[in-house]
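> Next comes the structure file start-v3.cif, holding mmCIF, C-alpha atoms.
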data_input
loop_
_atom_site.label_atom_id
_atom_site.label_comp_id
_atom_site.auth_asym_id
_atom_site.auth_seq_id
_atom_site.Cartn_x
_atom_site.Cartn_y
_atom_site.Cartn_z
CA MET X 17 128.17 9.39 115.45
CA SER X 18 126.04 11.36 117.92
CA VAL X 19 125.55 15.08 117.56
CA GLU X 20 126.84 17.02 120.54
CA ILE X 21 124.98 19.96 122.03
CA ARG X 22 126.93 22.28 124.32
CA SER X 23 126.03 25.13 126.58
CA LEU X 24 127.33 28.51 125.52
CA ASP X 25 127.87 29.34 129.19
CA PRO X 26 131.65 29.52 129.71
CA ARG X 27 131.29 28.43 133.34
CA VAL X 28 129.59 25.20 132.40
CA ASN X 29 132.51 24.30 130.15
CA ARG X 30 135.22 25.72 132.43
CA LEU X 31 134.02 23.69 135.39
CA GLY X 32 133.14 20.63 133.37
CA LEU X 33 129.48 20.67 134.41
CA HIS X 34 126.96 18.66 132.47
CA ILE X 35 124.17 20.60 130.83
CA HIS X 36 121.84 17.64 131.19
CA GLU X 37 121.85 18.04 134.95
CA PRO X 38 119.07 20.48 135.67
CA GLY X 39 120.43 23.78 136.95
CA ALA X 40 124.01 22.65 136.57
CA ALA X 41 125.44 26.14 136.91
CA ASP X 42 123.00 27.04 139.70
CA THR X 43 125.14 25.08 142.16
CA LEU X 44 127.83 27.78 141.96
CA PRO X 45 128.20 30.00 145.03
CA PRO X 46 126.32 33.28 144.51
CA HIS X 47 128.47 36.17 143.24
CA ASP X 48 131.25 33.77 142.35
CA HIS X 49 131.78 33.22 138.65
CA TRP X 50 129.37 35.83 137.33
CA GLY X 51 127.29 34.46 134.53
CA THR X 52 127.05 35.84 131.05
CA TYR X 53 124.04 37.05 129.13
CA GLN X 54 123.65 37.05 125.36
CA VAL X 55 122.54 40.40 124.05
CA PHE X 56 120.15 40.81 121.12
CA HIS X 57 119.78 44.23 119.57
CA GLN X 58 116.82 45.60 117.64
CA LYS X 59 117.44 48.67 115.54
CA LYS X 60 113.88 49.59 114.66
CA ARG X 61 110.55 48.52 116.07
CA GLY X 62 109.35 45.52 114.04
CA ASP X 63 112.86 44.48 112.99
CA ARG X 64 114.27 41.19 114.21
CA HIS X 65 116.56 41.19 117.24
CA GLY X 66 120.07 40.16 116.20
CA ALA X 67 122.71 38.66 118.50
CA VAL X 68 125.42 41.27 119.06
CA GLY X 69 127.53 40.04 121.97
CA ILE X 70 127.87 39.12 125.60
CA VAL X 71 127.90 40.88 128.97
CA HIS X 72 128.96 39.60 132.38
CA ALA X 73 126.41 40.36 135.09
CA PRO X 74 125.22 39.02 138.45
CA SER X 75 121.51 39.47 137.61
CA PRO X 76 119.24 39.83 134.57
CA GLU X 77 118.49 43.45 135.53
CA LEU X 78 122.14 44.43 135.66
CA ALA X 79 122.70 42.51 132.43
CA MET X 80 120.14 44.79 130.80
CA VAL X 81 121.89 47.89 132.18
CA TYR X 82 125.21 46.74 130.78
CA ALA X 83 123.65 45.65 127.50
CA LYS X 84 122.26 49.15 127.06
CA GLU X 85 125.70 50.57 127.67
CA GLN X 86 127.79 48.19 125.58
CA PHE X 87 125.43 47.71 122.66
CA GLY X 88 122.89 50.54 122.75
CA ARG X 89 125.28 53.42 123.18
CA ARG X 90 125.96 54.12 119.54
CA GLY X 91 123.56 54.23 116.66
CA GLU X 92 119.86 53.64 116.69
CA THR X 93 118.21 51.27 119.17
CA ALA X 94 114.55 50.40 119.59
CA ASN X 95 114.87 47.51 122.03
CA LEU X 96 117.23 44.97 123.57
CA TRP X 97 116.89 41.39 124.77
CA VAL X 98 119.17 39.73 127.25
CA VAL X 99 119.12 35.95 127.59
CA ASP X 100 120.91 33.95 130.26
CA THR X 101 123.64 32.12 128.36
CA ARG X 102 122.74 28.91 130.18
CA HIS X 103 119.53 28.86 128.19
CA VAL X 104 121.29 29.03 124.86
CA LEU X 105 122.29 25.69 123.44
CA ALA X 106 124.59 25.31 120.48
CA LEU X 107 125.91 22.63 118.20
CA ASP X 108 129.52 21.59 118.20
CA TYR X 109 131.48 22.84 115.23
CA GLY X 110 132.60 19.28 114.77
CA ASP X 111 129.11 18.55 113.48
CA GLN X 112 129.25 21.26 110.84
CA ASP X 113 129.35 18.53 108.22
CA MET X 114 125.60 18.08 108.70
CA PHE X 115 125.18 21.24 106.71
CA ALA X 116 127.44 20.33 103.83
CA THR X 117 125.17 20.28 100.81
CA THR X 118 126.76 18.32 98.04
CA PRO X 119 126.50 19.66 94.47
CA GLU X 120 124.42 16.72 93.25
CA LYS X 121 121.64 17.72 95.64
CA SER X 122 120.92 20.88 93.70
CA TYR X 123 117.53 19.37 92.81
CA ARG X 124 116.57 20.27 96.36
CA ASP X 125 117.02 23.98 95.68
CA PRO X 126 114.15 25.80 93.96
CA GLY X 127 116.70 26.95 91.38
CA GLY X 128 117.01 23.35 90.26
CA TYR X 129 113.52 23.15 88.84
CA LYS X 130 112.99 23.83 85.16
CA VAL X 131 110.16 26.23 85.85
CA ASN X 132 112.10 29.43 86.30
CA ASP X 133 111.38 30.62 82.78
CA LYS X 134 107.66 30.13 83.34
CA ILE X 135 107.81 31.96 86.67
CA ASP X 136 109.68 34.87 85.11
CA GLU X 137 107.21 35.02 82.24
CA TYR X 138 104.28 35.08 84.67
CA ARG X 139 105.90 37.83 86.82
CA GLU X 140 106.53 39.90 83.72
CA LYS X 141 102.90 39.53 82.64
CA MET X 142 101.56 40.41 86.12
CA SER X 143 103.70 43.48 86.44
CA HIS X 144 102.28 44.79 83.15
CA GLU X 145 98.74 44.10 84.22
CA LEU X 146 99.23 45.87 87.50
CA THR X 147 100.83 48.93 85.96
CA PRO X 148 98.15 51.43 85.00
CA MET R 26 121.66 72.84 120.98
CA ASN R 27 120.65 74.83 117.93
CA LEU R 28 118.39 77.34 119.55
CA PRO R 29 117.77 80.53 117.65
CA LEU R 30 119.53 83.28 119.51
CA ASN R 31 117.30 85.22 121.88
CA SER R 32 114.21 83.83 120.20
CA VAL R 33 112.27 83.95 123.45
CA PRO R 34 111.93 87.21 125.31
CA ILE R 35 112.72 87.00 129.02
CA GLU R 36 111.20 89.36 131.53
CA GLU R 37 113.78 91.63 133.12
CA THR R 38 112.96 90.42 136.64
CA HIS R 39 113.49 86.77 135.65
CA LEU R 40 116.95 87.25 134.17
CA GLU R 41 119.10 87.10 137.30
CA PRO R 42 117.11 84.35 139.07
CA LEU R 43 117.25 82.20 135.93
CA ARG R 44 120.95 82.83 135.52
CA HIS R 45 121.52 81.66 139.09
CA LEU R 46 119.48 78.49 138.57
CA LEU R 47 121.17 77.60 135.27
CA THR R 48 124.65 78.25 136.63
CA ALA R 49 123.97 75.98 139.61
CA LEU R 50 122.70 73.21 137.32
CA ALA R 51 125.56 73.61 134.84
CA ASP R 52 128.26 73.67 137.50
CA ASP R 53 126.80 70.63 139.31
CA HIS R 54 126.81 68.57 136.11
CA LEU R 55 130.25 69.72 135.02
CA ILE R 56 131.98 68.98 138.31
CA LEU R 57 130.26 65.65 138.91
CA GLY R 58 130.89 64.66 135.28
CA HIS R 59 134.57 65.32 135.84
CA ARG R 60 134.59 63.35 139.09
CA HIS R 61 132.79 60.38 137.47
CA SER R 62 135.31 60.39 134.62
CA GLU R 63 138.06 59.70 137.17
CA TRP R 64 136.73 56.12 137.35
CA THR R 65 137.59 55.45 133.72
CA GLY R 66 139.98 52.50 133.65
CA LEU R 67 139.49 51.81 137.36
CA GLY R 68 135.90 50.52 137.49
CA PRO R 69 135.27 47.29 139.44
CA ILE R 70 134.54 45.32 136.27
CA LEU R 71 134.83 46.16 132.59
CA GLU R 72 131.11 46.60 131.96
CA GLU R 73 130.71 48.84 135.00
CA ASP R 74 133.75 50.87 134.02
CA ILE R 75 132.24 51.57 130.60
CA ALA R 76 128.84 52.35 132.10
CA PHE R 77 130.23 54.85 134.58
CA SER R 78 132.42 56.52 131.97
CA SER R 79 129.44 56.87 129.67
CA ILE R 80 127.38 58.46 132.44
CA ALA R 81 130.26 60.89 133.02
CA GLN R 82 130.16 61.89 129.36
CA ASP R 83 126.40 62.42 129.56
CA GLN R 84 126.89 64.76 132.53
CA MET R 85 129.38 66.81 130.53
CA GLY R 86 126.85 67.02 127.71
CA HIS R 87 124.20 68.26 130.14
CA ALA R 88 126.59 70.89 131.48
CA LEU R 89 127.27 72.02 127.92
CA GLY R 90 123.53 72.37 127.32
CA PHE R 91 123.09 74.63 130.35
CA TYR R 92 126.20 76.70 129.58
CA THR R 93 124.94 77.12 126.01
CA LEU R 94 121.61 78.47 127.28
CA LEU R 95 123.51 80.85 129.56
CA HIS R 96 125.60 82.00 126.64
CA GLU R 97 122.70 82.48 124.25
CA TYR R 98 120.22 84.14 126.59
CA PHE R 99 122.16 85.62 129.47
CA GLY R 100 125.33 86.97 127.92
CA THR R 101 127.78 84.73 129.73
CA PRO R 102 130.92 83.87 127.73
CA ASP R 103 131.16 80.93 125.36
CA PRO R 104 130.67 77.58 127.24
CA ASP R 105 134.34 76.57 127.20
CA ILE R 106 135.50 79.95 128.44
CA HIS R 107 132.81 80.03 131.11
CA ALA R 108 133.53 76.50 132.31
CA PHE R 109 137.30 76.70 132.23
CA THR R 110 138.27 80.23 133.25
CA ARG R 111 136.30 80.96 136.41
CA ASN R 112 137.94 80.59 139.77
CA GLU R 113 136.55 78.54 142.62
CA ALA R 114 134.48 81.31 144.22
CA ALA R 115 132.59 81.93 140.96
CA PHE R 116 131.31 78.33 140.89
CA SER R 117 127.92 77.64 142.40
CA CYS R 118 127.98 73.84 142.46
CA CYS R 119 126.92 72.10 145.66
CA GLN R 120 129.68 70.58 147.76
CA LEU R 121 128.44 67.02 147.21
CA VAL R 122 129.82 66.96 143.66
CA GLU R 123 133.26 68.25 144.67
CA TRP R 124 134.31 65.42 146.95
CA PRO R 125 136.93 63.02 145.61
CA ILE R 126 135.59 59.75 144.20
CA GLY R 127 136.66 57.77 147.28
CA GLU R 128 135.90 54.08 147.09
CA TYR R 129 133.24 52.70 144.80
CA ASP R 130 130.46 52.80 147.39
CA PHE R 131 130.95 56.56 147.86
CA SER R 132 130.73 57.26 144.12
CA LEU R 133 127.78 54.93 143.62
CA VAL R 134 125.75 56.47 146.44
CA ARG R 135 126.55 59.97 145.16
CA HIS R 136 125.47 58.90 141.68
CA LEU R 137 122.15 57.67 143.09
CA PHE R 138 121.57 60.82 145.16
CA PHE R 139 122.50 63.18 142.37
CA ASP R 140 120.76 61.54 139.43
CA LEU R 141 117.57 61.02 141.41
CA ALA R 142 117.53 64.79 142.00
CA ALA R 143 118.51 65.49 138.39
CA GLY R 144 115.68 63.28 137.13
CA LEU R 145 113.10 65.11 139.25
CA ARG R 146 114.51 68.47 138.19
CA MET R 147 114.40 67.60 134.49
CA GLU R 148 110.89 66.21 134.83
CA THR R 149 109.55 69.50 136.24
CA LEU R 150 111.74 71.71 134.07
CA SER R 151 110.46 69.98 130.94
CA HIS R 152 107.21 71.84 131.70
CA SER R 153 108.95 75.14 132.44
CA SER R 154 107.34 78.27 131.07
CA PHE R 155 110.81 79.27 129.82
CA LYS R 156 110.62 77.21 126.63
CA PRO R 157 114.33 76.90 125.80
CA LEU R 158 114.90 75.35 129.23
CA ALA R 159 111.86 73.07 128.82
CA GLN R 160 113.29 71.80 125.50
CA LEU R 161 116.71 71.15 126.98
CA ALA R 162 115.25 69.41 130.06
CA THR R 163 113.15 67.14 127.83
CA LYS R 164 116.27 66.12 125.95
CA ILE R 165 118.26 65.44 129.12
CA ARG R 166 115.39 63.60 130.83
CA GLY R 167 115.83 60.40 128.81
CA GLU R 168 119.52 60.13 129.62
CA VAL R 169 118.93 60.70 133.31
CA LYS R 170 116.23 58.00 133.20
CA TYR R 171 118.96 55.56 132.17
CA HIS R 172 121.32 56.90 134.87
CA MET R 173 118.65 56.10 137.44
CA PHE R 174 118.08 52.63 135.95
CA HIS R 175 121.80 52.02 136.44
CA ALA R 176 121.99 53.50 139.95
CA LYS R 177 118.85 51.78 141.24
CA THR R 178 119.78 48.39 139.81
CA MET R 179 123.31 48.53 141.16
CA VAL R 180 122.24 49.70 144.63
CA GLY R 181 119.48 47.05 144.66
CA GLN R 182 121.97 44.37 143.67
CA LEU R 183 124.43 45.33 146.40
CA GLY R 184 121.84 46.12 149.08
CA ASN R 185 120.27 42.70 148.70
CA SER R 186 123.52 40.73 148.44
CA SER R 187 125.13 40.21 151.86
CA GLU R 188 124.98 41.83 155.28
CA THR R 189 128.59 43.07 154.99
CA VAL R 190 127.85 44.87 151.75
CA ARG R 191 124.48 46.16 152.91
CA SER R 192 125.82 47.68 156.12
CA ARG R 193 128.75 49.27 154.32
CA LEU R 194 126.35 50.86 151.85
CA GLN R 195 124.11 52.08 154.68
CA THR R 196 127.09 53.67 156.45
CA THR R 197 128.04 55.51 153.27
CA ILE R 198 124.46 56.68 152.79
CA ASN R 199 124.34 58.00 156.38
CA ARG R 200 127.65 59.81 156.06
CA GLN R 201 126.85 61.38 152.71
CA PHE R 202 123.30 62.41 153.51
CA GLY R 203 124.10 65.93 154.79
CA LEU R 204 126.11 66.63 151.65
CA ALA R 205 123.22 65.38 149.53
CA LEU R 206 120.73 67.67 151.28
CA GLY R 207 123.09 70.49 150.29
CA MET R 208 121.93 69.98 146.69
CA PHE R 209 118.74 71.73 147.72
CA GLU R 210 120.27 74.89 149.18
CA SER R 211 117.80 77.67 148.47
CA ARG R 212 118.69 80.68 146.34
CA PRO R 213 117.53 84.12 147.56
CA ASP R 214 115.64 84.83 144.32
CA GLU R 215 114.14 81.37 143.69
CA GLN R 216 110.55 82.34 144.61
CA ILE R 217 110.39 84.62 141.54
CA LEU R 218 110.92 81.61 139.26
CA ASP R 219 108.36 79.55 141.14
CA ASP R 220 105.74 82.32 140.80
CA ALA R 221 106.40 82.48 137.05
CA ASN R 222 106.17 78.68 136.62
CA ILE R 223 109.75 78.62 135.40
CA ALA R 224 111.15 76.39 138.17
CA PRO R 225 109.98 75.35 141.64
CA ILE R 226 111.78 76.44 144.79
CA GLU R 227 114.41 74.00 146.04
CA ALA R 228 112.34 72.94 149.07
CA LYS R 229 109.74 71.42 146.73
CA TRP R 230 112.34 69.41 144.87
CA ARG R 231 113.83 68.29 148.18
CA GLU R 232 110.45 67.03 149.36
CA ARG R 233 109.92 64.93 146.23
CA TRP R 234 113.52 63.68 146.34
CA LEU R 235 113.15 62.44 149.92
CA GLU R 236 109.94 60.63 149.04
CA ALA R 237 111.41 58.89 145.97
CA LEU R 238 114.66 58.05 147.75
CA HIS R 239 112.78 56.45 150.62
CA THR R 240 111.07 54.02 148.20
CA ILE R 241 114.30 53.13 146.40
CA LEU R 242 116.26 52.51 149.60
CA GLU R 243 113.51 50.43 151.16
CA SER R 244 113.39 48.10 148.18
CA ALA R 245 117.16 47.64 148.45
CA GLY R 246 116.94 46.70 152.13
CA LEU R 247 118.36 50.09 153.15
CA HIS R 248 116.82 52.99 154.98
CA LEU R 249 116.57 56.73 154.60
CA PRO R 250 118.41 58.69 157.30
CA ASP R 251 116.28 61.18 159.23
CA PRO R 252 116.45 64.50 157.33
CA ASP R 253 115.35 66.42 160.43
CA ARG R 254 118.34 65.13 162.34
CA THR R 255 120.87 65.74 159.59
CA GLU R 256 122.63 69.06 159.10
CA PRO R 257 122.60 69.94 155.37
CA VAL R 258 125.97 71.05 154.00
CA TYR R 259 125.23 74.44 152.45
CA GLY R 260 127.50 77.09 150.99
CA GLY R 261 128.23 75.75 147.51
CA ARG R 262 125.52 77.83 145.82
CA LYS R 263 127.07 80.96 147.35
CA GLY R 264 130.60 80.14 146.22
CA TYR R 265 131.87 78.54 149.44
CA HIS R 266 133.55 75.31 148.52
CA THR R 267 135.55 72.42 149.95
CA GLU R 268 139.31 72.22 149.68
CA PHE R 269 138.77 69.69 146.87
CA LEU R 270 137.28 72.00 144.24
CA GLN R 271 140.27 74.16 143.33
CA PRO R 272 142.63 71.19 142.69
CA LEU R 273 139.90 69.67 140.50
CA LEU R 274 139.56 72.91 138.52
CA THR R 275 143.31 73.18 138.15
CA GLU R 276 143.51 69.67 136.77
CA MET R 277 140.43 70.00 134.56
CA THR R 278 141.68 73.20 132.93
CA GLU R 279 145.34 72.17 132.61
CA VAL R 280 145.25 71.58 128.86
CA PHE R 281 142.83 74.43 128.16
CA ARG R 282 145.14 76.94 129.83
CA LEU R 283 148.06 75.99 127.56
CA ASP R 284 146.28 77.88 124.79
CA PRO R 285 142.84 79.29 125.62
CA GLN R 286 142.36 80.47 122.02
CA ALA R 287 142.96 77.05 120.45
CA GLU R 288 140.28 75.68 118.12
CA TRP R 289 139.07 72.22 119.20
#
Before anything else, please render the file you have as structure tokens.


Amino acid sequence: MSVEIRSLDPRVNRLGLHIHEPGAADTLPPHDHWGTYQVFHQKKRGDRHGAVGIVHAPSPELAMVYAKEQFGRRGETANLWVVDTRHVLALDYGDQDMFATTPEKSYRDPGGYKVNDKIDEYREKMSHELTP
Amino acid sequence: MNLPLNSVPIEETHLEPLRHLLTALADDHLILGHRHSEWTGLGPILEEDIAFSSIAQDQMGHALGFYTLLHEYFGTPDPDIHAFTRNEAAFSCCQLVEWPIGEYDFSLVRHLFFDLAAGLRMETLSHSSFKPLAQLATKIRGEVKYHMFHAKTMVGQLGNSSETVRSRLQTTINRQFGLALGMFESRPDEQILDDANIAPIEAKWRERWLEALHTILESAGLHLPDPDRTEPVYGGRKGYHTEFLQPLLTEMTEVFRLDPQAEW
């Protein structure tokens, strides 16, 4: 019943490398099997960066060039991140059941407490006090 | 560009020199934009294909900006008419931009040579005393900054990869260098613009280009050919072109000529 963590790097999976071996994908010949980089796009300064896709590139610098082109070409862009896919670890979808919240656990959600009426009443009161 | 028509008065003596400069810039960007677009669908990898095609579109946009200025201030015809109806001899692009795309190394080196020059030109022109040109150059400058990011990164990547690749790139640089120097062919009336702080003479741009190129090539493990021992390929600015320009124009205007009055 162990939870499996996999690399998002397609090469690691394609070649059956083990992510636990340090630098597993580093043993590949240079310029063979170009790596991928995950691209994170930020629309406005201060916004979060959101994952938008992947580029193939032989270096982080070129990954940034391609990220700009594939994901910063249309619409507004304040900044981009590129992250070597080898450094992104993910769960296996087989373990998705860890997130299944059963209905009887609703007491864990804030909505389950019987204080909502009191909270609403307090908010109502505050908003009146704050309004000149 | 939504510039108010003739909002800036131009001194009579500056008209012709400015028209010559703008036509050279516009024609360079139009022809190289068309050449770059020939890589669409053929790029070495998908990402690079898209990048190169996007740069080609930018170049077309820059050409449109210059043709629009010419139209609004210098009485040349509407940009489409001006770009698509002139014959070869009326073009003042340098010969570097006319050459067929060749193999990828040829196009990449040309992209580096050209956009480095374009970046320096836009940088100085953004301070031009002819305000409409300064505004346009400021707008173009950001796009050319990205073009240079692309060119420098790609050349650096290849130059520092293997000896086979590096020496092939160096050979291409050496062979293309005379054509590249042709970008800086002087115009007979250029000193007038320099005196009026509108645009520097070509020799000044050439000097800065050589300096910047030297740094870029060194960091990529490549070297700058000796400009004093290279014959620049001039003639383009005066309407003397290679055998490659007319076929390009014929192809580029093929659809336009079907119905020159069509609304697009």

> Please produce, as CSV, a per-residue contact table for range 177-258 of chain R versus range 64-83 of chain X (criterion: any atom at most 12 Å away, all atoms listed in the file considered), showing the nearest atom pair and its distance in Å to one decimal, sorted by chain then residue number.


residue,atom,partner,partner_atom,distance
R:Lys177,CA,X:Leu78,CA,9.8
R:Thr178,CA,X:Leu78,CA,6.2
R:Met179,CA,X:Leu78,CA,7.0
R:Val180,CA,X:Leu78,CA,10.4
R:Gly181,CA,X:Leu78,CA,9.7
R:Gln182,CA,X:Ser75,CA,7.8
R:Leu183,CA,X:Pro74,CA,10.2
R:Asn185,CA,X:Ser75,CA,11.6
R:Ser186,CA,X:Pro74,CA,10.3

> Selection in question (the file shown): the PyMOL selection byres ((chain R and resi 248-265) around 10). Which residues does it include, as number ranges by chain?

R: 45-46, 48-49, 52-53, 112-123, 195, 198-212, 235-236, 238-247, 266-268, 270

> Expand the PyMOL selection byres ((chain R) within 10 of (chain X)) into the explicit residue set it covers here, and present it as a PDB file with C-alpha atoms, in the frame of the given file.


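Just written: part_11.pdb:
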ATOM      1  CA  ILE R  70     134.540  45.320 136.270  1.00  0.00           C
ATOM      2  CA  LEU R  71     134.830  46.160 132.590  1.00  0.00           C
ATOM      3  CA  GLU R  72     131.110  46.600 131.960  1.00  0.00           C
ATOM      4  CA  GLU R  73     130.710  48.840 135.000  1.00  0.00           C
ATOM      5  CA  ILE R  75     132.240  51.570 130.600  1.00  0.00           C
ATOM      6  CA  ALA R  76     128.840  52.350 132.100  1.00  0.00           C
ATOM      7  CA  PHE R  77     130.230  54.850 134.580  1.00  0.00           C
ATOM      8  CA  SER R  78     132.420  56.520 131.970  1.00  0.00           C
ATOM      9  CA  SER R  79     129.440  56.870 129.670  1.00  0.00           C
ATOM     10  CA  ILE R  80     127.380  58.460 132.440  1.00  0.00           C
ATOM     11  CA  TYR R 171     118.960  55.560 132.170  1.00  0.00           C
ATOM     12  CA  HIS R 172     121.320  56.900 134.870  1.00  0.00           C
ATOM     13  CA  PHE R 174     118.080  52.630 135.950  1.00  0.00           C
ATOM     14  CA  HIS R 175     121.800  52.020 136.440  1.00  0.00           C
ATOM     15  CA  ALA R 176     121.990  53.500 139.950  1.00  0.00           C
ATOM     16  CA  LYS R 177     118.850  51.780 141.240  1.00  0.00           C
ATOM     17  CA  THR R 178     119.780  48.390 139.810  1.00  0.00           C
ATOM     18  CA  MET R 179     123.310  48.530 141.160  1.00  0.00           C
ATOM     19  CA  GLY R 181     119.480  47.050 144.660  1.00  0.00           C
ATOM     20  CA  GLN R 182     121.970  44.370 143.670  1.00  0.00           C
ATOM     21  CA  SER R 186     123.520  40.730 148.440  1.00  0.00           C
TER      22      SER R 186
END

> Quick one: distance from CA of Ile223 in chain R to CA of Gly58 in chain R in Å, one decimal?

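That distance, rounded to one decimal, is 25.3 Å.
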
> Within 10 Å of range 125-130 of chain R, which residues of range 49-77 of chain R show up? Give each one with its shortest atom-to-atom distance in Å (one decimal) and the two atoms involved, counting all atoms listed in the file, rows by chain then rising residue number, as a tab-separated table.


residue	atom	partner	partner_atom	distance
R:Leu57	CA	R:Ile126	CA	9.6
R:Arg60	CA	R:Ile126	CA	6.3
R:His61	CA	R:Ile126	CA	7.3
R:Ser62	CA	R:Ile126	CA	9.6
R:Glu63	CA	R:Ile126	CA	7.5
R:Trp64	CA	R:Ile126	CA	7.8
R:Leu67	CA	R:Tyr129	CA	9.8
R:Gly68	CA	R:Tyr129	CA	8.1
R:Pro69	CA	R:Tyr129	CA	7.9

> Of the candidates X:Val28, X:Ile21, X:Ala116, X:Val98, which shows the shortest atom-to-atom distance to Gln54 in chain X, using only C-alpha atoms?

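Using only C-alpha atoms, the shortest distance to Gln54 in chain X belongs to X:Val98.
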
> Taking (130.6, 19.8, 114.3) as a centre in this file's frame and 12 Å as the limit, can you find every polymer residue with an atom that close, using all atoms listed in the file, and give them as an MDAnalysis selection string?

chainID X and resid 17:22 106:116

> Could you spell out the hits of the PyMOL selection byres ((chain X and resi 92) around 12) on the shown file, as a PyMOL selection string?

chain X and resi 57-61+84+87-91+93-96

> Restrict the selected residues to C-alpha atoms and save them as a PDB file, keeping the file's coordinate frame.


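Ended up saving to selection.pdb:
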ATOM      1  CA  HIS X  57     119.780  44.230 119.570  1.00  0.00           C
ATOM      2  CA  GLN X  58     116.820  45.600 117.640  1.00  0.00           C
ATOM      3  CA  LYS X  59     117.440  48.670 115.540  1.00  0.00           C
ATOM      4  CA  LYS X  60     113.880  49.590 114.660  1.00  0.00           C
ATOM      5  CA  ARG X  61     110.550  48.520 116.070  1.00  0.00           C
ATOM      6  CA  LYS X  84     122.260  49.150 127.060  1.00  0.00           C
ATOM      7  CA  PHE X  87     125.430  47.710 122.660  1.00  0.00           C
ATOM      8  CA  GLY X  88     122.890  50.540 122.750  1.00  0.00           C
ATOM      9  CA  ARG X  89     125.280  53.420 123.180  1.00  0.00           C
ATOM     10  CA  ARG X  90     125.960  54.120 119.540  1.00  0.00           C
ATOM     11  CA  GLY X  91     123.560  54.230 116.660  1.00  0.00           C
ATOM     12  CA  THR X  93     118.210  51.270 119.170  1.00  0.00           C
ATOM     13  CA  ALA X  94     114.550  50.400 119.590  1.00  0.00           C
ATOM     14  CA  ASN X  95     114.870  47.510 122.030  1.00  0.00           C
ATOM     15  CA  LEU X  96     117.230  44.970 123.570  1.00  0.00           C
TER      16      LEU X  96
END

> If I take CA of Arg135 in chain R and CA of Arg193 in chain R, how far is one from the other in Å, to one decimal?

14.3 Å

> Quick check, in Å to one decimal: how far apart do CA of Ala142 in chain R and CA of Asp219 in chain R lie?

17.4 Å

> Give me, as a PDB file with C-alpha atoms, in the coordinates of the input, all polymer residues having an atom no more than 12 Å from range 164-168 of chain R, counting all atoms listed in the file and skipping those fewer than 3 positions away in the same chain.


ATOM      1  CA  LYS X  84     122.260  49.150 127.060  1.00  0.00           C
ATOM      2  CA  GLU X  85     125.700  50.570 127.670  1.00  0.00           C
ATOM      3  CA  ARG X  89     125.280  53.420 123.180  1.00  0.00           C
TER       4      ARG X  89
ATOM      5  CA  MET R  26     121.660  72.840 120.980  1.00  0.00           C
ATOM      6  CA  HIS R  54     126.810  68.570 136.110  1.00  0.00           C
ATOM      7  CA  SER R  79     129.440  56.870 129.670  1.00  0.00           C
ATOM      8  CA  ILE R  80     127.380  58.460 132.440  1.00  0.00           C
ATOM      9  CA  ALA R  81     130.260  60.890 133.020  1.00  0.00           C
ATOM     10  CA  GLN R  82     130.160  61.890 129.360  1.00  0.00           C
ATOM     11  CA  ASP R  83     126.400  62.420 129.560  1.00  0.00           C
ATOM     12  CA  GLN R  84     126.890  64.760 132.530  1.00  0.00           C
ATOM     13  CA  MET R  85     129.380  66.810 130.530  1.00  0.00           C
ATOM     14  CA  GLY R  86     126.850  67.020 127.710  1.00  0.00           C
ATOM     15  CA  HIS R  87     124.200  68.260 130.140  1.00  0.00           C
ATOM     16  CA  ALA R  88     126.590  70.890 131.480  1.00  0.00           C
ATOM     17  CA  LEU R  89     127.270  72.020 127.920  1.00  0.00           C
ATOM     18  CA  GLY R  90     123.530  72.370 127.320  1.00  0.00           C
ATOM     19  CA  PHE R  91     123.090  74.630 130.350  1.00  0.00           C
ATOM     20  CA  ASP R 140     120.760  61.540 139.430  1.00  0.00           C
ATOM     21  CA  LEU R 141     117.570  61.020 141.410  1.00  0.00           C
ATOM     22  CA  ALA R 142     117.530  64.790 142.000  1.00  0.00           C
ATOM     23  CA  ALA R 143     118.510  65.490 138.390  1.00  0.00           C
ATOM     24  CA  GLY R 144     115.680  63.280 137.130  1.00  0.00           C
ATOM     25  CA  LEU R 145     113.100  65.110 139.250  1.00  0.00           C
ATOM     26  CA  ARG R 146     114.510  68.470 138.190  1.00  0.00           C
ATOM     27  CA  MET R 147     114.400  67.600 134.490  1.00  0.00           C
ATOM     28  CA  GLU R 148     110.890  66.210 134.830  1.00  0.00           C
ATOM     29  CA  THR R 149     109.550  69.500 136.240  1.00  0.00           C
ATOM     30  CA  LEU R 150     111.740  71.710 134.070  1.00  0.00           C
ATOM     31  CA  SER R 151     110.460  69.980 130.940  1.00  0.00           C
ATOM     32  CA  HIS R 152     107.210  71.840 131.700  1.00  0.00           C
ATOM     33  CA  PRO R 157     114.330  76.900 125.800  1.00  0.00           C
ATOM     34  CA  LEU R 158     114.900  75.350 129.230  1.00  0.00           C
ATOM     35  CA  ALA R 159     111.860  73.070 128.820  1.00  0.00           C
ATOM     36  CA  GLN R 160     113.290  71.800 125.500  1.00  0.00           C
ATOM     37  CA  LEU R 161     116.710  71.150 126.980  1.00  0.00           C
ATOM     38  CA  TYR R 171     118.960  55.560 132.170  1.00  0.00           C
ATOM     39  CA  HIS R 172     121.320  56.900 134.870  1.00  0.00           C
ATOM     40  CA  MET R 173     118.650  56.100 137.440  1.00  0.00           C
ATOM     41  CA  PHE R 174     118.080  52.630 135.950  1.00  0.00           C
ATOM     42  CA  HIS R 175     121.800  52.020 136.440  1.00  0.00           C
TER      43      HIS R 175
END

> Let me make sure I understand: among R:Phe131, R:Phe138, R:Tyr98, R:Tyr92, which one has the smallest atom-to-atom distance to His39 in chain R if we use only C-alpha atoms?

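Once distances to His39 in chain R are computed over only C-alpha atoms, the minimum belongs to R:Tyr98.
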